[in-house]
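Undergrad: Below: one structure in structure tokens.
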Amino acid sequence: MFCSQCEECLLQCSAGLNIPILMRSYMYAFGYHSPWKARETLDHIKLASVPCLNCESCSVKCSSGFDIKRKATDIARILDVPKEFLV
């Protein structure tokens, strides 16, 4: 659940996503039950969508064994939720 923010994934993503920030947002939403903080973190990097949704195969190998594509697409759903519904 908790990304160590080692940043080994950064150079692996062909779309150039800031994966540690995505994983931090995931951690806020699902680990700390703070969807508002997750959305605020995504908004800070001005992420309008997550390219993982259209990526055929993810080449990122997380040193902690996380399924990056699954977690990135899970947290991307929060971008579709109006901010006033997040608490």
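Numbering starts fresh at 1 for the residues of each chain in the structure tokens, the chains themselves are lettered A, B, ... in the order given, and ligands are numbered from 1 as they appear.
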Pick out each residue of chain A that DSSP on the backbone tags as helix (DSSP H, G or I); I need them as number ranges by chain.

TA: A: 10-12, 19-31, 35-44, 51-54, 68-80, 83-85

Undergrad: Could you give me, as an MDAnalysis selection string, the residues within 10 Å of Lys37 (chain A), counting only C-alpha atoms and dropping anything in the same chain fewer than 2 positions from it?

TA: chainID A and resid 24:29 32:35 39:43 86:87

Undergrad: Those residues you just picked out, can you put them in a file as a compact mmCIF listing (two decimals), in the first residue's frame with N, CA and C atoms?

TA:
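And here's selection_9.txt as it stands now:
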# COMPACT_ATOMS: atom_id res chain seq x y z
N ARG A 24 1.70 8.38 -4.07
CA ARG A 24 1.39 9.13 -2.85
C ARG A 24 -0.10 9.45 -2.80
N SER A 25 -0.66 9.84 -3.94
CA SER A 25 -2.10 10.12 -4.00
C SER A 25 -2.90 8.86 -3.70
N TYR A 26 -2.47 7.74 -4.25
CA TYR A 26 -3.13 6.46 -3.98
C TYR A 26 -3.09 6.16 -2.48
N MET A 27 -1.95 6.40 -1.88
CA MET A 27 -1.77 6.15 -0.45
C MET A 27 -2.71 7.04 0.37
N TYR A 28 -2.82 8.32 -0.01
CA TYR A 28 -3.74 9.22 0.70
C TYR A 28 -5.18 8.72 0.60
N ALA A 29 -5.58 8.34 -0.61
CA ALA A 29 -6.98 7.93 -0.82
C ALA A 29 -7.32 6.60 -0.16
N TYR A 32 -4.91 6.22 3.84
CA TYR A 32 -5.27 7.17 4.90
C TYR A 32 -6.72 7.62 4.82
N HIS A 33 -7.46 7.14 3.84
CA HIS A 33 -8.88 7.49 3.66
C HIS A 33 -9.07 9.00 3.58
N SER A 34 -8.21 9.63 2.80
CA SER A 34 -8.26 11.07 2.62
C SER A 34 -8.31 11.41 1.12
N PRO A 35 -9.48 11.20 0.50
CA PRO A 35 -9.59 11.46 -0.93
C PRO A 35 -9.33 12.92 -1.30
N ARG A 39 -6.68 14.11 -4.16
CA ARG A 39 -7.03 14.98 -5.28
C ARG A 39 -6.17 16.24 -5.29
N GLU A 40 -5.94 16.80 -4.11
CA GLU A 40 -5.10 17.99 -3.99
C GLU A 40 -3.68 17.69 -4.51
N THR A 41 -3.17 16.52 -4.21
CA THR A 41 -1.83 16.12 -4.67
C THR A 41 -1.80 15.98 -6.18
N LEU A 42 -2.82 15.38 -6.76
CA LEU A 42 -2.89 15.26 -8.22
C LEU A 42 -3.05 16.63 -8.88
N ASP A 43 -3.86 17.48 -8.27
CA ASP A 43 -4.06 18.83 -8.82
C ASP A 43 -2.77 19.64 -8.79
N LEU A 86 -15.58 15.40 -2.25
CA LEU A 86 -14.45 14.79 -1.56
C LEU A 86 -14.33 15.38 -0.17
N VAL A 87 -14.20 14.52 0.82
CA VAL A 87 -14.06 14.98 2.20
C VAL A 87 -12.80 14.47 2.82

Undergrad: Given the choices A:Gly65, A:Trp36, A:Ala72, A:Val50, which gets closest to Pro20 (chain A) if the distance is worked out from only C-alpha atoms?

TA: A:Ala72

Undergrad: List as a PyMOL selection string the protein and nucleic acid residues near region 55-57 of chain A, meaning an atom at most 12 Å away when only C-alpha atoms are counted, but skip any in the same chain fewer than 4 places from it.

TA: chain A and resi 13-15+17+50-51+61+67-70+72-73

Undergrad: Which one is closest to Glu7 (chain A): A:Ala76, A:Ile45, A:Cys62, A:Glu84? Count only C-alpha atoms.

TA: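 Comparing A:Ala76, A:Ile45, A:Cys62, A:Glu84 against Glu7 (chain A), the winner is A:Cys62.
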
Undergrad: Kindly indicate which residue among A:Ser63, A:Gly31, A:Leu22, A:Ala48 lies nearest to Cys6 (chain A), using only C-alpha atoms for the distances.

TA: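 Of the candidates, the smallest distance to Cys6 (chain A) is held by A:Ser63.
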
Undergrad: Hey, can you check how far CA of Pro82 (chain A) sits from CA of Phe30 (chain A)?

TA: 17.8 Å

Undergrad: Which of these residues is nearest to Ile75 (chain A), using only C-alpha atoms: A:Cys3, A:Cys58, A:Leu11, A:Met23?

TA: A:Met23

Undergrad: Which is closer to Lys46 (chain A) than all the others in A:Ser64, A:Asn18, A:Phe85, A:Lys71, using only C-alpha atoms?

TA: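 The answer is A:Asn18, which sits nearest to Lys46 (chain A).
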